[in-house]
Amino acid sequence: MATGKSSLSIIGKQTFIKYSDAVHSEPKEISREFSSRLAEIIQKYPSKKSAVMSALYLAQEHYGWIPLEAIRWVSEELDLAPAHVESVATFYTMYYKRPVGKYHFQICRTLSCMLCGAQKISDYLKEKLSIEAHTISVDGMWSWEEVECLGSCGTAPMVQINDVFFELVDAEKLDVIIDKIKKELPDLRYHTTSGELGTGMSDFPRSQVLGLDLK
Amino acid sequence: MQTNHHKILTANVHHLDQHLLSKYEERGGYQAIRKVLKQTPEEVIQEVKASGLRGRGGAGFPTGMKWGFVPKNLGKPIYLLNNADESEPGTFKDRLLMERDPHLCIEGMMIAAWALGANWSCLYIRGEYGYPAVRMEQAIEEAYKKGYLGKNIFGTTFSLDIVVHRGAGAYICGEETGLIESLEGNKGQPRLKPPFPAVVGLYGCPTVVNNTETLATLPWIILNGASAYAKIGTEKSAGTKLFSASGHINKPGVYEVDLGYSLLDFINNECGGIRGGKKLKAVIPGGSSVQVLRADELEGVKLDYESIKGAGSMLGSGGFMVMDESTDMVEACLNLQHFYSHESCGQCTPCREGANWVQKIVGRIYDGAGTYSDIPLLKSVTSQIAGHTICPFGDALVTPVLSFIEKFPEEFNTRIAQANGIPTFNTGEELSSQVLDAVSENAKNVAANV
């Protein structure tokens, strides 16, 4: 998390990070490791520019979101205008334009999930985490939002936590998941640096696409 | 009674070790590519044309014909792109293939690449599919190690590199030119056609974009022959298709069925019928961008391109969403319009502004603040979106809203009537003359319009 406590303002139970504050927070410098990984990725494409999306993922892996420094890093590494990199970063929803919690919940809200009770999941999570959508808990741990179809319609309702799907969720299951996260601080991220998915909470199935457990 | 469908794509998805190259090969994998490399590309294209295989991403365009558009001897590289963006609401079939049988996807890409003369290929997978992306990356790495990808595959002159490219949460990148723009490192905003990607695609070179399921079908066609494939299904809709069933059903999931299978049998057998013993109300048979069908329209409808078209909808991507009698159709309509409003790429004004307005108007009807002019207004706004945009997204957003209004006018009218203090008139009970009198002339016009 790139933000210090000074950038948090608290209104009632909700915690906001103002965009302007977040932009002006001081992020740590991106390491060589990321540059060499990006160089590897560039090699795979016929054109260097094609690596811009991977580069943004790398930057996000480092910063936790896409601050101006991330835009600058990508534009320097790929010889692109910062404005172009920003246009790409702001076009796609998976690049966070403001910080998110260490565990970011994305609840699918589109039709199949709606039919199977996605609204209840949103309502429950909002109460459980005591924060509004798009805001971060004071300890920097949690944030959530509703998103459009995640391609898990057969196992609705579902929630994606960082980069891992948790399918067929209900209030009870969410309780278990949240408790486990608190206890284990699991790695649930997709790592662009290694092309691997975090191995945290592997006792939960990684995919239930057929309703069968698959680890 | 479960019908025995052919298992062309899903024969091995139940094996939990199928993602390993050795297991895939044990079960007959990588034989089709060995066979194909002894044939000429023209022979392969002919075979695919003869099979009657049609694109499984949504449009249903004949695959062999699409390949035939690629000009030869331009002196430019040819690219094959595997479209695994799969963002159409209700669709999760390609995910199954990538997670459970990634080498099948790879072998399909190899066959297509050989036929097209492509040496570089990319799997464009939606960003949210972290787990399937990892499965695909691991499988590709394994294939490289074994010498099945890279240079001089199986001792031939054929070379192929495959790259997994993760999208980042934009529905529009499933549109082939949006995908190409995105892959080039830009915003995923679609291009005007023509020129078509087959002629001017990725980096200005001839490019073929095929859906994952389409490509995964190729190994079976090569091994068993085009005529064997063409025999399955119907005359115009050959083969099998994956349907991803969701919503108010007992057994949601991905099912492979022979095209031409009865839609109602599919709901009652494969999907296990409607949840909680409730009555079926409506079905969206092919992803959110196709017309909704009422339960009473489903008698005799078959799961193939022509039959569903005849019923007034489309087979689309096979995103099969089922709604029971408890579903509020205005809410369902609003839900989809929220999706389209969110996903419009913003390039064309009719779509960018129109999607927003359509959502707002449906939203106010849902909120009980609708007016009698809202239905004609929706028709007017949508008529200025459809056909007036660069890509088919404009049509895709208009289709559901118009079909919801057309198929369930009483639900929209009831909301509007309630909002205007007029007793509801869709209770199914006989309308009293008193109630009829209360319905204004305007309301009658609205009802007549829809």
# chains A, B, ... in the order shown; residues from 1 in each chain; ligands from 1
call {"tool": "closest_atom_pairs", "arguments": {"of": "chain B", "to": "chain A", "cutoff": "6 Å", "atoms": "only C-alpha atoms", "output": "JSON lines"}}
result
{"residue": "B:Pro89", "atom": "CA", "partner": "A:Cys149", "partner_atom": "CA", "distance": 5.5}
{"residue": "B:Gly90", "atom": "CA", "partner": "A:Cys153", "partner_atom": "CA", "distance": 5.6}
{"residue": "B:Phe92", "atom": "CA", "partner": "A:Gly151", "partner_atom": "CA", "distance": 5.0}
{"residue": "B:Ala168", "atom": "CA", "partner": "A:Met94", "partner_atom": "CA", "distance": 5.0}
{"residue": "B:Gly169", "atom": "CA", "partner": "A:Thr93", "partner_atom": "CA", "distance": 5.3}
{"residue": "B:Ala170", "atom": "CA", "partner": "A:Tyr92", "partner_atom": "CA", "distance": 5.7}
{"residue": "B:Leu183", "atom": "CA", "partner": "A:Ser50", "partner_atom": "CA", "distance": 5.6}
{"residue": "B:Glu184", "atom": "CA", "partner": "A:Ser50", "partner_atom": "CA", "distance": 4.6}
{"residue": "B:Gly185", "atom": "CA", "partner": "A:Ser50", "partner_atom": "CA", "distance": 4.3}
{"residue": "B:Asn186", "atom": "CA", "partner": "A:Val88", "partner_atom": "CA", "distance": 5.9}
{"residue": "B:Lys187", "atom": "CA", "partner": "A:Val88", "partner_atom": "CA", "distance": 5.1}
{"residue": "B:Ser246", "atom": "CA", "partner": "A:Gly154", "partner_atom": "CA", "distance": 4.6}
{"residue": "B:Gly247", "atom": "CA", "partner": "A:Ser112", "partner_atom": "CA", "distance": 5.0}
{"residue": "B:Pro252", "atom": "CA", "partner": "A:Gly154", "partner_atom": "CA", "distance": 4.9}
{"residue": "B:Gly253", "atom": "CA", "partner": "A:Leu210", "partner_atom": "CA", "distance": 4.9}
call {"tool": "write_last_selection", "arguments": {"atoms": "N, CA, C and O atoms", "output": "CSV table (one decimal), in the first residue's frame"}}
result
chain,number,residue,atom,x,y,z
B,89,PRO,N,-21.9,-11.8,-20.9
B,89,PRO,CA,-22.6,-12.3,-19.7
B,89,PRO,C,-23.3,-13.7,-19.9
B,89,PRO,O,-24.0,-13.8,-20.9
B,90,GLY,N,-23.1,-14.6,-19.0
B,90,GLY,CA,-23.7,-15.9,-19.1
B,90,GLY,C,-22.8,-16.9,-19.8
B,90,GLY,O,-23.2,-18.1,-19.9
B,92,PHE,N,-19.3,-19.1,-20.0
B,92,PHE,CA,-18.1,-19.5,-19.3
B,92,PHE,C,-17.6,-20.9,-19.8
B,92,PHE,O,-17.1,-21.7,-19.1
B,168,ALA,N,-7.6,-6.9,-19.5
B,168,ALA,CA,-7.6,-6.2,-18.2
B,168,ALA,C,-9.0,-5.7,-17.9
B,168,ALA,O,-9.2,-4.7,-17.4
B,169,GLY,N,-10.0,-6.5,-18.3
B,169,GLY,CA,-11.4,-6.2,-17.9
B,169,GLY,C,-12.1,-5.2,-18.8
B,169,GLY,O,-12.7,-4.3,-18.4
B,170,ALA,N,-12.1,-5.5,-20.1
B,170,ALA,CA,-12.9,-4.7,-21.0
B,170,ALA,C,-13.6,-5.7,-22.0
B,170,ALA,O,-13.0,-6.4,-22.7
B,183,LEU,N,-4.3,-5.8,-28.3
B,183,LEU,CA,-3.0,-6.5,-28.4
B,183,LEU,C,-1.9,-5.7,-28.9
B,183,LEU,O,-0.7,-5.9,-28.6
B,184,GLU,N,-2.2,-4.7,-29.7
B,184,GLU,CA,-1.2,-3.8,-30.2
B,184,GLU,C,-0.7,-2.8,-29.1
B,184,GLU,O,0.2,-2.0,-29.4
B,185,GLY,N,-1.4,-2.8,-28.0
B,185,GLY,CA,-1.0,-1.9,-26.9
B,185,GLY,C,-1.8,-0.6,-26.8
B,185,GLY,O,-1.3,0.4,-26.3
B,186,ASN,N,-3.0,-0.6,-27.4
B,186,ASN,CA,-3.8,0.6,-27.3
B,186,ASN,C,-5.1,0.3,-26.5
B,186,ASN,O,-5.3,-0.8,-26.0
B,187,LYS,N,-5.9,1.3,-26.4
B,187,LYS,CA,-7.2,1.1,-25.8
B,187,LYS,C,-7.9,0.2,-26.8
B,187,LYS,O,-7.7,0.2,-28.0
B,246,SER,N,-26.8,-21.2,-16.8
B,246,SER,CA,-26.8,-20.6,-15.5
B,246,SER,C,-28.2,-20.0,-15.2
B,246,SER,O,-29.1,-20.1,-16.0
B,247,GLY,N,-28.4,-19.5,-14.0
B,247,GLY,CA,-29.6,-18.9,-13.6
B,247,GLY,C,-30.4,-19.9,-12.7
B,247,GLY,O,-29.9,-20.7,-12.0
B,252,PRO,N,-26.6,-26.0,-13.0
B,252,PRO,CA,-25.9,-25.1,-13.9
B,252,PRO,C,-24.5,-25.7,-14.2
B,252,PRO,O,-24.0,-26.5,-13.4
B,253,GLY,N,-24.0,-25.3,-15.3
B,253,GLY,CA,-22.6,-25.9,-15.7
B,253,GLY,C,-22.5,-25.8,-17.2
B,253,GLY,O,-23.3,-25.2,-17.9
call {"tool": "residues_around", "arguments": {"residues": "stretch 60-73 of chain B", "least_positions_apart": "4", "cutoff": "7 Å", "atoms": "only C-alpha atoms", "output": "ChimeraX atom specification"}}
result
/B:45,48-49,52-56,116,198-199,206,208
call {"tool": "closest_residue", "arguments": {"among": "A:Ser36, A:Trp144, A:Ile30, A:Lys126", "to": "A:Pro67", "atoms": "only C-alpha atoms"}}
result
A:Ile30
call {"tool": "select_by_dssp", "arguments": {"residues": "stretch 82-122 of chain A", "states": "alpha helix (DSSP H)", "output": "PyMOL selection string"}}
result
chain A and resi 82-91+111-115+118-122
call {"tool": "select_by_dssp", "arguments": {"residues": "stretch 84-188 of chain A", "states": "strand (DSSP E)", "output": "PyMOL selection string"}}
result
chain A and resi 103-108+142-147+159-161+164-166
call {"tool": "residues_around", "arguments": {"residues": "stretch 135-146 of chain B", "least_positions_apart": "5", "cutoff": "9 Å", "atoms": "only C-alpha atoms", "output": "JSON, numbers by chain"}}
result
{"A": [195, 196], "B": [19, 20, 21, 98, 99, 100, 101, 102, 103, 105, 106, 123, 130, 161, 162, 163, 164]}
call {"tool": "closest_residue", "arguments": {"among": "A:Tyr124, A:Trp142, A:Tyr103, A:Tyr63", "to": "A:Leu174", "atoms": "only C-alpha atoms"}}
result
A:Tyr124
